[in-house]
>>> print(open('final.csv').read())   # CSV, C-alpha atoms and all ligand atoms
chain,number,residue,atom,x,y,z
A,899,MET,CA,-92.8,-64.1,-67.1
A,900,SER,CA,-94.6,-60.8,-67.1
A,901,THR,CA,-92.6,-57.6,-67.5
A,902,GLN,CA,-92.4,-55.0,-64.7
A,903,LEU,CA,-95.0,-52.8,-66.4
A,904,GLU,CA,-97.4,-55.7,-66.7
A,905,LYS,CA,-96.9,-56.5,-63.0
A,906,ILE,CA,-97.6,-52.8,-62.1
A,907,LYS,CA,-100.8,-53.0,-64.2
A,908,ILE,CA,-101.9,-56.1,-62.4
A,909,ALA,CA,-101.2,-54.5,-59.0
A,910,ALA,CA,-103.1,-51.4,-60.1
A,911,GLN,CA,-106.1,-53.5,-61.0
A,912,ILE,CA,-106.0,-55.1,-57.6
A,913,ILE,CA,-105.9,-51.7,-55.9
A,914,LYS,CA,-108.9,-50.7,-58.0
A,915,ASN,CA,-110.8,-53.8,-57.0
A,916,GLY,CA,-110.2,-53.1,-53.3
A,917,GLY,CA,-107.1,-55.3,-52.7
A,918,ILE,CA,-103.9,-54.5,-50.8
A,919,VAL,CA,-100.5,-54.3,-52.5
A,920,VAL,CA,-96.9,-54.0,-51.3
A,921,PHE,CA,-94.9,-51.6,-53.4
A,922,PRO,CA,-91.5,-49.9,-53.2
A,923,THR,CA,-91.2,-46.2,-52.6
A,924,GLU,CA,-87.8,-44.4,-52.5
A,925,THR,CA,-87.8,-44.6,-48.7
A,926,VAL,CA,-89.1,-47.9,-47.5
A,927,TYR,CA,-91.7,-50.5,-48.8
A,928,GLY,CA,-95.4,-49.4,-48.4
A,929,LEU,CA,-98.5,-51.4,-48.0
A,930,GLY,CA,-101.1,-49.7,-50.2
A,931,ALA,CA,-104.9,-49.6,-50.8
A,932,ASP,CA,-107.3,-47.2,-52.6
A,933,ALA,CA,-107.5,-44.3,-50.2
A,934,PHE,CA,-111.2,-43.9,-50.9
A,935,ASN,CA,-112.1,-47.5,-50.3
A,936,GLU,CA,-112.8,-47.8,-46.5
A,937,LYS,CA,-112.9,-51.7,-46.5
A,938,ALA,CA,-109.5,-51.9,-48.3
A,939,VAL,CA,-108.0,-49.3,-45.9
A,940,GLU,CA,-109.4,-51.3,-43.0
A,941,LYS,CA,-107.6,-54.4,-44.3
A,942,ILE,CA,-104.3,-52.5,-44.1
A,943,PHE,CA,-104.8,-51.8,-40.4
A,944,LYS,CA,-105.8,-55.4,-39.7
A,945,VAL,CA,-102.9,-57.0,-41.6
A,946,LYS,CA,-100.3,-54.8,-40.0
A,947,LYS,CA,-102.0,-55.1,-36.6
A,948,ARG,CA,-101.9,-51.3,-36.6
A,949,PRO,CA,-104.1,-49.3,-34.1
A,950,PHE,CA,-106.9,-47.5,-35.8
A,951,ASN,CA,-105.7,-44.2,-34.2
A,952,ASP,CA,-102.6,-44.1,-36.4
A,953,PRO,CA,-103.4,-42.3,-39.6
A,954,LEU,CA,-102.0,-43.2,-43.1
A,955,ILE,CA,-100.1,-41.2,-45.7
A,956,LEU,CA,-101.8,-40.7,-49.1
A,957,HIS,CA,-99.4,-41.3,-52.0
A,958,VAL,CA,-100.2,-39.3,-55.2
A,959,SER,CA,-98.6,-39.3,-58.6
A,960,ASN,CA,-99.4,-35.7,-59.4
A,961,LYS,CA,-99.9,-32.4,-57.5
A,962,GLU,CA,-103.5,-31.9,-58.8
A,963,TRP,CA,-104.7,-34.5,-56.4
A,964,VAL,CA,-103.7,-32.3,-53.5
A,965,PHE,CA,-106.2,-29.7,-54.5
A,966,LYS,CA,-109.0,-32.3,-54.3
A,967,LEU,CA,-107.9,-33.9,-51.0
A,968,VAL,CA,-107.2,-30.7,-49.2
A,969,GLU,CA,-109.5,-27.9,-48.0
A,970,ASN,CA,-107.2,-25.1,-48.8
A,971,VAL,CA,-103.7,-25.4,-50.1
A,972,PRO,CA,-101.4,-22.7,-48.5
A,973,LYS,CA,-98.9,-20.9,-50.8
A,974,ILE,CA,-96.0,-22.4,-49.0
A,975,ALA,CA,-97.2,-25.9,-49.8
A,976,VAL,CA,-97.0,-25.1,-53.5
A,977,GLU,CA,-93.4,-23.9,-53.1
A,978,LEU,CA,-92.5,-27.0,-51.1
A,979,MET,CA,-94.2,-29.4,-53.6
A,980,ASP,CA,-92.5,-27.7,-56.5
A,981,LYS,CA,-89.1,-28.0,-54.9
A,982,PHE,CA,-89.2,-31.4,-53.2
A,983,TRP,CA,-91.9,-33.5,-55.0
A,984,PRO,CA,-91.5,-36.2,-56.0
A,985,GLY,CA,-89.4,-36.9,-52.9
A,986,PRO,CA,-89.4,-38.0,-49.3
A,987,LEU,CA,-91.4,-35.0,-47.9
A,988,THR,CA,-94.9,-35.7,-46.4
A,989,LEU,CA,-97.1,-32.7,-45.9
A,990,ILE,CA,-100.0,-32.4,-43.5
A,991,PHE,CA,-103.0,-30.4,-44.6
A,992,LYS,CA,-106.6,-29.7,-43.4
A,993,LYS,CA,-108.5,-32.5,-45.3
A,994,SER,CA,-111.4,-32.1,-47.6
A,995,LYS,CA,-114.6,-34.2,-47.2
A,996,ILE,CA,-113.7,-36.7,-49.9
A,997,VAL,CA,-111.0,-38.3,-47.6
A,998,PRO,CA,-112.6,-41.1,-45.5
A,999,ASP,CA,-112.2,-40.8,-41.7
A,1000,ILE,CA,-110.6,-44.3,-41.4
A,1001,THR,CA,-107.7,-43.2,-43.6
A,1002,THR,CA,-106.9,-40.2,-41.4
A,1003,ALA,CA,-107.8,-42.0,-38.1
A,1004,GLY,CA,-110.6,-39.5,-37.6
A,1005,LEU,CA,-108.3,-36.5,-37.7
A,1006,PRO,CA,-109.4,-33.3,-39.6
A,1007,THR,CA,-106.0,-33.4,-41.3
A,1008,VAL,CA,-104.5,-35.5,-44.1
A,1009,ALA,CA,-100.9,-36.5,-44.8
A,1010,ILE,CA,-99.9,-36.5,-48.5
A,1011,ARG,CA,-96.7,-37.2,-50.4
A,1012,MET,CA,-95.5,-37.9,-53.9
A,1013,PRO,CA,-92.9,-40.7,-53.8
A,1014,LYS,CA,-89.8,-40.6,-56.0
A,1015,ASN,CA,-89.7,-44.1,-57.4
A,1016,SER,CA,-90.8,-45.0,-60.9
A,1017,VAL,CA,-92.6,-48.2,-59.8
A,1018,SER,CA,-94.7,-46.4,-57.2
A,1019,LEU,CA,-95.5,-43.5,-59.4
A,1020,LYS,CA,-96.7,-45.8,-62.2
A,1021,LEU,CA,-98.7,-47.9,-59.7
A,1022,ILE,CA,-100.5,-44.8,-58.5
A,1023,LYS,CA,-101.1,-43.5,-62.0
A,1024,TYR,CA,-102.6,-46.8,-63.3
A,1025,SER,CA,-104.7,-47.1,-60.1
A,1026,GLN,CA,-106.2,-43.7,-60.9
A,1027,THR,CA,-106.6,-43.0,-57.1
A,1028,PRO,CA,-104.4,-41.8,-54.2
A,1029,ILE,CA,-102.9,-44.8,-52.5
A,1030,ALA,CA,-103.1,-44.9,-48.7
A,1031,ALA,CA,-100.0,-46.7,-47.4
A,1032,PRO,CA,-98.1,-47.1,-44.2
A,1033,SER,CA,-94.7,-48.8,-44.2
A,1034,ALA,CA,-95.0,-52.5,-45.1
A,1035,ASN,CA,-94.0,-54.0,-41.7
A,1036,LEU,CA,-95.9,-55.4,-38.7
A,1037,PHE,CA,-96.8,-52.5,-36.4
A,1038,GLY,CA,-93.9,-51.6,-34.1
A,1039,LYS,CA,-91.3,-53.4,-36.1
A,1040,PRO,CA,-88.6,-51.7,-38.1
A,1041,SER,CA,-89.8,-50.6,-41.6
A,1042,ALA,CA,-89.3,-53.1,-44.4
A,1043,THR,CA,-86.4,-52.1,-46.6
A,1044,LYS,CA,-85.8,-55.4,-48.3
A,1045,MET,CA,-88.1,-57.9,-50.0
A,1046,GLU,CA,-87.2,-60.5,-47.3
A,1047,HIS,CA,-88.6,-58.2,-44.6
A,1048,VAL,CA,-91.8,-57.8,-46.5
A,1049,ILE,CA,-92.2,-61.6,-46.9
A,1050,LYS,CA,-91.4,-62.3,-43.3
A,1051,ASP,CA,-93.9,-59.7,-41.9
A,1052,LEU,CA,-96.7,-59.8,-44.5
A,1053,GLY,CA,-96.0,-62.6,-46.9
A,1054,ASN,CA,-99.2,-64.5,-47.4
A,1055,LYS,CA,-101.5,-61.8,-46.0
A,1056,VAL,CA,-101.5,-59.4,-48.9
A,1057,ASP,CA,-102.9,-59.6,-52.4
A,1058,PHE,CA,-99.8,-58.7,-54.4
A,1059,ILE,CA,-96.1,-57.8,-53.9
A,1060,LEU,CA,-94.3,-55.5,-56.3
A,1061,ASP,CA,-90.5,-55.6,-56.1
A,1062,GLY,CA,-88.3,-52.4,-56.2
A,1063,GLY,CA,-85.6,-52.5,-58.7
A,1064,GLU,CA,-84.1,-49.3,-57.4
A,1065,PRO,CA,-82.2,-49.2,-54.1
A,1066,LEU,CA,-84.2,-47.7,-51.2
A,1067,ILE,CA,-83.0,-44.8,-49.0
A,1068,GLY,CA,-83.9,-47.0,-45.9
A,1069,ILE,CA,-85.4,-44.2,-43.7
A,1070,GLU,CA,-89.0,-42.9,-43.9
A,1071,SER,CA,-90.1,-39.6,-45.3
A,1072,THR,CA,-89.8,-36.3,-43.3
A,1073,ILE,CA,-93.2,-35.2,-42.1
A,1074,LEU,CA,-94.1,-31.5,-41.9
A,1075,ASP,CA,-97.4,-30.1,-40.5
A,1076,LEU,CA,-98.6,-27.2,-42.6
A,1077,THR,CA,-101.7,-26.7,-40.5
A,1078,LYS,CA,-99.4,-25.1,-37.9
A,1079,SER,CA,-97.9,-21.7,-38.1
A,1080,PRO,CA,-94.9,-21.8,-38.5
A,1081,PRO,CA,-95.0,-25.3,-40.0
A,1082,GLU,CA,-94.0,-28.0,-37.5
A,1083,LEU,CA,-91.7,-31.0,-38.0
A,1084,LEU,CA,-93.6,-34.2,-36.9
A,1085,ARG,CA,-91.0,-36.7,-37.9
A,1086,ALA,CA,-87.3,-36.2,-38.9
A,1087,GLY,CA,-86.8,-38.3,-42.1
A,1088,ALA,CA,-85.1,-38.8,-45.4
A,1089,LEU,CA,-85.3,-35.2,-46.5
A,1090,PRO,CA,-82.8,-33.2,-44.3
A,1091,ILE,CA,-84.4,-30.4,-42.3
A,1092,LYS,CA,-81.8,-28.0,-43.6
A,1093,GLU,CA,-83.2,-28.2,-47.1
A,1094,ILE,CA,-86.7,-27.4,-45.9
A,1095,ALA,CA,-85.4,-24.6,-43.8
A,1096,SER,CA,-83.9,-23.0,-46.9
A,1097,ILE,CA,-87.5,-22.3,-48.0
A,1098,VAL,CA,-89.5,-21.9,-44.9
A,1099,ASP,CA,-88.9,-21.3,-41.1
A,1100,ILE,CA,-90.1,-24.4,-39.3
A,1101,LYS,CA,-90.8,-25.2,-35.7
A,1102,ILE,CA,-88.8,-28.1,-34.4
A,1103,SER,CA,-89.2,-29.6,-30.9
A,1104,GLY,CA,-88.1,-32.8,-29.2
A,1105,HIS,CA,-84.3,-32.3,-29.2
A,1106,GLY,CA,-84.4,-31.1,-32.8
A,1107,ARG,CA,-85.6,-34.5,-34.0
A,1108,ALA,CA,-89.4,-33.9,-33.9
A,1109,VAL,CA,-92.5,-34.0,-31.8
A,1110,ARG,CA,-94.7,-37.1,-32.0
A,1111,SER,CA,-97.0,-37.9,-34.8
A,1112,PRO,CA,-100.4,-39.3,-33.6
A,1113,GLY,CA,-100.3,-43.0,-33.2
A,1114,MET,CA,-96.5,-43.1,-32.8
A,1115,PHE,CA,-95.7,-44.6,-29.4
A,1116,PRO,CA,-92.5,-45.0,-27.5
A,1117,LYS,CA,-91.0,-48.3,-28.5
A,1118,HIS,CA,-91.4,-48.1,-32.3
A,1119,TYR,CA,-89.2,-49.4,-35.1
A,1120,SER,CA,-88.1,-51.9,-32.5
A,1121,PRO,CA,-86.2,-55.1,-32.6
A,1122,LYS,CA,-86.9,-57.8,-30.0
A,1123,ALA,CA,-83.5,-57.3,-28.5
A,1124,LYS,CA,-82.8,-54.6,-25.9
A,1125,LEU,CA,-81.2,-51.6,-27.6
A,1126,ILE,CA,-78.7,-49.3,-26.0
A,1127,VAL,CA,-77.7,-46.1,-27.9
A,1128,VAL,CA,-74.3,-44.6,-27.2
A,1129,LYS,CA,-74.1,-40.9,-28.1
A,1130,LYS,CA,-71.3,-39.9,-30.4
A,1131,ARG,CA,-68.2,-39.3,-28.2
A,1132,ASP,CA,-64.4,-39.6,-28.2
A,1133,GLU,CA,-63.1,-43.2,-28.2
A,1134,ILE,CA,-66.5,-44.5,-28.9
A,1135,VAL,CA,-65.2,-47.9,-30.2
A,1136,SER,CA,-63.3,-48.8,-27.0
A,1137,TYR,CA,-66.2,-47.5,-24.9
A,1138,ILE,CA,-68.7,-49.7,-26.7
A,1139,GLN,CA,-66.4,-52.7,-26.6
A,1140,LYS,CA,-66.1,-52.4,-22.8
A,1141,LEU,CA,-69.8,-52.2,-22.5
A,1142,ALA,CA,-70.2,-55.2,-24.8
A,1143,GLN,CA,-67.7,-57.2,-22.8
A,1144,LYS,CA,-69.6,-56.5,-19.6
A,1145,TYR,CA,-72.8,-57.9,-21.1
A,1146,LYS,CA,-70.9,-60.8,-22.6
A,1147,LYS,CA,-69.6,-61.7,-19.2
A,1148,GLU,CA,-73.1,-61.8,-17.9
A,1149,GLY,CA,-73.7,-64.5,-20.6
A,1150,LYS,CA,-75.8,-62.3,-22.9
A,1151,LYS,CA,-75.4,-62.5,-26.7
A,1152,VAL,CA,-74.3,-59.0,-27.7
A,1153,GLY,CA,-74.5,-57.3,-31.1
A,1154,ILE,CA,-72.9,-54.0,-32.1
A,1155,LEU,CA,-74.5,-51.6,-34.7
A,1156,SER,CA,-71.6,-49.7,-36.0
A,1157,THR,CA,-71.0,-46.8,-38.4
A,1158,GLU,CA,-69.5,-47.9,-41.7
A,1159,GLU,CA,-66.2,-46.1,-40.9
A,1160,ASN,CA,-65.7,-47.9,-37.5
A,1161,LYS,CA,-67.0,-51.4,-38.5
A,1162,ASN,CA,-63.6,-53.0,-38.8
A,1163,LYS,CA,-62.2,-51.5,-35.6
A,1164,TYR,CA,-64.3,-53.8,-33.4
A,1165,SER,CA,-63.0,-57.2,-32.1
A,1166,SER,CA,-64.3,-60.1,-34.1
A,1167,LYS,CA,-65.5,-61.8,-30.9
A,1168,PHE,CA,-68.6,-59.5,-31.1
A,1169,CYS,CA,-71.3,-59.7,-33.8
A,1170,VAL,CA,-70.8,-56.4,-35.6
A,1171,LYS,CA,-73.1,-55.0,-38.3
A,1172,GLY,CA,-72.7,-51.6,-40.1
A,1173,PHE,CA,-75.3,-49.0,-40.9
A,1174,GLY,CA,-74.2,-49.0,-44.5
A,1175,GLU,CA,-72.9,-46.1,-46.5
A,1176,LYS,CA,-75.9,-43.8,-46.2
A,1177,TYR,CA,-77.5,-45.6,-43.2
A,1178,GLN,CA,-79.5,-47.8,-45.6
A,1179,ASN,CA,-78.8,-50.9,-43.6
A,1180,LEU,CA,-80.2,-49.6,-40.3
A,1181,TYR,CA,-83.5,-51.5,-40.3
A,1182,SER,CA,-82.1,-54.6,-41.9
A,1183,ALA,CA,-79.3,-54.8,-39.3
A,1184,LEU,CA,-81.8,-54.5,-36.5
A,1185,ARG,CA,-83.9,-57.3,-38.0
A,1186,GLU,CA,-80.8,-59.5,-38.6
A,1187,PHE,CA,-79.7,-59.2,-34.9
A,1188,ASP,CA,-83.1,-60.6,-33.9
A,1189,THR,CA,-82.9,-63.5,-36.4
A,1190,GLU,CA,-79.5,-64.3,-35.0
A,1191,GLY,CA,-80.8,-64.4,-31.4
A,1192,ILE,CA,-78.9,-61.3,-30.2
A,1193,LYS,CA,-80.3,-60.1,-26.8
A,1194,ILE,CA,-78.5,-56.8,-26.5
A,1195,ILE,CA,-77.7,-54.4,-29.3
A,1196,ILE,CA,-75.3,-51.5,-28.6
A,1197,ALA,CA,-75.6,-48.8,-31.3
A,1198,GLU,CA,-73.0,-46.3,-32.2
A,1199,GLY,CA,-74.5,-42.8,-32.1
A,1200,VAL,CA,-74.0,-40.5,-35.1
A,1201,GLU,CA,-73.8,-36.8,-35.7
A,1202,GLU,CA,-77.4,-35.4,-35.5
A,1203,ASN,CA,-77.5,-33.6,-38.8
A,1204,GLY,CA,-78.8,-34.5,-42.3
A,1205,LEU,CA,-80.0,-38.1,-42.3
A,1206,GLY,CA,-78.2,-38.7,-39.0
A,1207,LEU,CA,-80.9,-36.7,-37.2
A,1208,ALA,CA,-83.6,-39.2,-38.5
A,1209,VAL,CA,-81.3,-42.2,-37.7
A,1210,MET,CA,-80.8,-41.0,-34.0
A,1211,ASP,CA,-84.6,-40.4,-33.8
A,1212,ARG,CA,-85.3,-44.0,-34.9
A,1213,LEU,CA,-82.6,-45.5,-32.6
A,1214,TYR,CA,-84.0,-43.7,-29.6
A,1215,LYS,CA,-87.5,-44.8,-30.4
A,1216,ALA,CA,-86.3,-48.4,-31.0
A,1217,SER,CA,-84.6,-48.2,-27.6
A,1218,GLY,CA,-87.9,-47.2,-26.0
A,1219,LYS,CA,-86.7,-43.7,-25.2
A,1220,TRP,CA,-88.8,-41.1,-26.9
A,1221,THR,CA,-86.2,-38.3,-26.7
A,1222,ASN,CA,-82.6,-38.1,-25.4
B,1301,LIG,O1,-91.5,-42.8,-46.2
B,1301,LIG,C1,-92.6,-43.0,-45.7
B,1301,LIG,O2,-93.2,-42.0,-45.2
B,1301,LIG,C2,-93.2,-44.4,-45.8
B,1301,LIG,C3,-93.5,-44.7,-47.2
B,1301,LIG,C4,-94.2,-46.1,-47.4
B,1301,LIG,O3,-94.2,-43.7,-47.8
B,1301,LIG,N1,-94.5,-44.4,-45.0
B,1301,LIG,C5,-94.5,-44.4,-43.7
B,1301,LIG,O4,-95.8,-44.6,-43.2
B,1301,LIG,O5,-93.5,-44.3,-43.0
B,1301,LIG,P1,-96.1,-44.9,-41.7
B,1301,LIG,O6,-97.6,-45.1,-41.7
B,1301,LIG,O7,-95.3,-46.0,-41.3
B,1301,LIG,O8,-95.8,-43.6,-40.9
B,1301,LIG,C6,-96.6,-42.5,-41.2
B,1301,LIG,C7,-96.6,-41.5,-40.1
B,1301,LIG,C8,-97.3,-42.1,-38.9
B,1301,LIG,O9,-96.5,-41.9,-37.7
B,1301,LIG,C9,-98.6,-41.2,-38.7
B,1301,LIG,O10,-98.9,-40.9,-37.4
B,1301,LIG,C10,-98.2,-39.9,-39.5
B,1301,LIG,O11,-97.4,-40.4,-40.5
B,1301,LIG,N2,-99.4,-39.3,-40.0
B,1301,LIG,C11,-100.2,-39.7,-41.0
B,1301,LIG,N3,-101.2,-38.9,-41.1
B,1301,LIG,C12,-101.1,-37.9,-40.3
B,1301,LIG,C13,-101.8,-36.7,-39.9
B,1301,LIG,N4,-103.0,-36.4,-40.5
B,1301,LIG,N5,-101.3,-35.9,-39.0
B,1301,LIG,C14,-100.1,-36.2,-38.3
B,1301,LIG,N6,-99.4,-37.3,-38.6
B,1301,LIG,C15,-99.9,-38.1,-39.5
B,1302,MG,MG,-94.3,-47.3,-40.1
>>> encode(input="final.csv", output="structure tokens", more="lines below")
Ligand code: TXA
Ligand code: MG
Amino acid sequence: MSTQLEKIKIAAQIIKNGGIVVFPTETVYGLGADAFNEKAVEKIFKVKKRPFNDPLILHVSNKEWVFKLVENVPKIAVELMDKFWPGPLTLIFKKSKIVPDITTAGLPTVAIRMPKNSVSLKLIKYSQTPIAAPSANLFGKPSATKMEHVIKDLGNKVDFILDGGEPLIGIESTILDLTKSPPELLRAGALPIKEIASIVDIKISGHGRAVRSPGMFPKHYSPKAKLIVVKKRDEIVSYIQKLAQKYKKEGKKVGILSTEENKNKYSSKFCVKGFGEKYQNLYSALREFDTEGIKIIIAEGVEENGLGLAVMDRLYKASGKWTN
């Protein structure tokens, strides 16, 4: 048995040789390749069945890389990096010439983040290159937050899989576009907006959750089942149970995605799964409903602040509604 460090070194060598590797970040699993190797990056798109107009995030292990990958680094970026990196904040900059077009889907901009996970940081360090990586799931599916999701979606199609060790947050990074003035939120995520707003005023559209990043389409993060999101309201448990009963009468297999606090209040005749303490089970619950043949999922809405904002954004996208 090799030690974790030996595995990381093997994975890094594979990245250097143009292979693709699944690795954990603090948010979700990523599928990585050398950001400068166009053939390797192309493999990522193909394996995920991801459209080529959906750009990738570059993962770095030190801030110095940003100055090479970016045309000009605004002062505010330095403040944000100092405060939140390593961590779940992705920043969008005007790209320098060394970043290949395939990595940024032909955009003049590049997305960069420094993950806060010791395995990913070591992997990037030993690879001696920025690692371009989307989430390690098939395109359109919920992001992979457990090893079993990775195996199911990508199992034998990648060159190496590194396991996590540390628990994942379970929601992707927050994306902030620094090429806009004021900086604009492109995706609500694991870093709460309030924290960013304590440093810089940002523009937020789309019901406070975000505008759309390129390549992100309605119906994203989706299970196969039809998903209905019920906004947070009084008596939400009895409201959802009535709705569930109605579908059950129609002969449909119904699942309820519940907050942790209400999980035990639902009747045991329904298939109920909880978000988990900090919502970390959101994506695994959606995947499990599919595996269990659930046809309709009714999700309990949560307060739209902190991580809850990102959770509601993902639920609406998974339900096929872009905003709401
Ligand atoms: O937490 C995360 O961000 C995870 C982990 C693996 O780092 N990554 C992730 O990657 O969620 P992905 O590819 O699933 O989502 C990245 C999003 C895409 O919606 C893409 O459109 C956006 O980032 N993006 C990438 N480059 C961009 C750019 N230059 N301008 C605007 N949006 C960009
Ligand atoms: Mg993704």
>>> atom_distance(input="final.csv", atom1="CA of Lys1161 (chain A)", atom2="CA of Leu1213 (chain A)")
17.7 Å
>>> atom_distance(input="final.csv", atom1="CA of Thr1007 (chain A)", atom2="CA of Lys993 (chain A)")
4.8 Å
>>> atom_distance(input="final.csv", atom1="CA of Pro1013 (chain A)", atom2="CA of Trp983 (chain A)")
7.4 Å
>>> closest_residue(input="final.csv", among="A:Arg1011, A:Lys1039, A:Lys1092, A:His1047", to="ligand MG 1302 (chain B)", atoms="all atoms listed in the file")
A:Lys1039
>>> residues_near_ligand(input="final.csv", ligand="ligand MG 1302 (chain B)", cutoff="10 Å", atoms="all atoms listed in the file", output="list of chain:residue names")
A:Val926, A:Tyr927, A:Gly928, A:Leu929, A:Lys946, A:Arg948, A:Asp952, A:Leu954, A:Ala1031, A:Pro1032, A:Ser1033, A:Ala1034, A:Asn1035, A:Leu1036, A:Phe1037, A:Gly1038, A:Lys1039, A:Pro1040, A:Ser1041, A:Ala1042, A:Glu1070, A:Met1114, A:His1118, A:Tyr1119
>>> write_last_selection(input="final.csv", atoms="C-alpha atoms", output="PDB file, in the frame of the given file")
ATOM      1  CA  VAL A 926     -89.100 -47.900 -47.500  1.00  0.00           C
ATOM      2  CA  TYR A 927     -91.700 -50.500 -48.800  1.00  0.00           C
ATOM      3  CA  GLY A 928     -95.400 -49.400 -48.400  1.00  0.00           C
ATOM      4  CA  LEU A 929     -98.500 -51.400 -48.000  1.00  0.00           C
ATOM      5  CA  LYS A 946    -100.300 -54.800 -40.000  1.00  0.00           C
ATOM      6  CA  ARG A 948    -101.900 -51.300 -36.600  1.00  0.00           C
ATOM      7  CA  ASP A 952    -102.600 -44.100 -36.400  1.00  0.00           C
ATOM      8  CA  LEU A 954    -102.000 -43.200 -43.100  1.00  0.00           C
ATOM      9  CA  ALA A1031    -100.000 -46.700 -47.400  1.00  0.00           C
ATOM     10  CA  PRO A1032     -98.100 -47.100 -44.200  1.00  0.00           C
ATOM     11  CA  SER A1033     -94.700 -48.800 -44.200  1.00  0.00           C
ATOM     12  CA  ALA A1034     -95.000 -52.500 -45.100  1.00  0.00           C
ATOM     13  CA  ASN A1035     -94.000 -54.000 -41.700  1.00  0.00           C
ATOM     14  CA  LEU A1036     -95.900 -55.400 -38.700  1.00  0.00           C
ATOM     15  CA  PHE A1037     -96.800 -52.500 -36.400  1.00  0.00           C
ATOM     16  CA  GLY A1038     -93.900 -51.600 -34.100  1.00  0.00           C
ATOM     17  CA  LYS A1039     -91.300 -53.400 -36.100  1.00  0.00           C
ATOM     18  CA  PRO A1040     -88.600 -51.700 -38.100  1.00  0.00           C
ATOM     19  CA  SER A1041     -89.800 -50.600 -41.600  1.00  0.00           C
ATOM     20  CA  ALA A1042     -89.300 -53.100 -44.400  1.00  0.00           C
ATOM     21  CA  GLU A1070     -89.000 -42.900 -43.900  1.00  0.00           C
ATOM     22  CA  MET A1114     -96.500 -43.100 -32.800  1.00  0.00           C
ATOM     23  CA  HIS A1118     -91.400 -48.100 -32.300  1.00  0.00           C
ATOM     24  CA  TYR A1119     -89.200 -49.400 -35.100  1.00  0.00           C
TER      25      TYR A1119
END
>>> residues_around(input="final.csv", residues="Gly985 (chain A)", least_positions_apart="4", cutoff="10 Å", atoms="only C-alpha atoms", output="MDAnalysis selection string")
chainID A and resid 923:925 979 981 1011:1015 1071:1072 1088:1089
>>> closest_residue(input="final.csv", among="A:Glu1064, A:Glu1186, A:Glu1158, A:Glu940", to="Glu1046 (chain A)", atoms="all atoms listed in the file")
A:Glu1186
>>> residues_around(input="final.csv", residues="Pro1006 (chain A)", least_positions_apart="3", cutoff="12 Å", atoms="all atoms listed in the file", output="list in words")
Pro953, Leu967, Val968, Glu969, Ile990, Phe991, Lys992, Lys993, Ser994, Lys995, Ile996, Val997, Pro998, Asp999, Ile1000, Thr1001, Thr1002, Ala1003, Ala1009 and Thr1077 of chain A
>>> closest_residue(input="final.csv", among="A:Ala1142, A:Leu1084, A:Val958, A:Val964", to="ligand LIG 1301 (chain B)", atoms="only C-alpha atoms and all ligand atoms")
A:Leu1084
>>> residues_around(input="final.csv", residues="Phe921 (chain A)", least_positions_apart="4", cutoff="8 Å", atoms="all atoms listed in the file", output="PyMOL selection string")
chain A and resi 927-930+1017-1018+1059-1062
>>> closest_residue(input="final.csv", among="A:Ala1208, A:Val1135, A:Ile1049, A:Ala938", to="ligand LIG 1301 (chain B)", atoms="all atoms listed in the file")
A:Ala1208
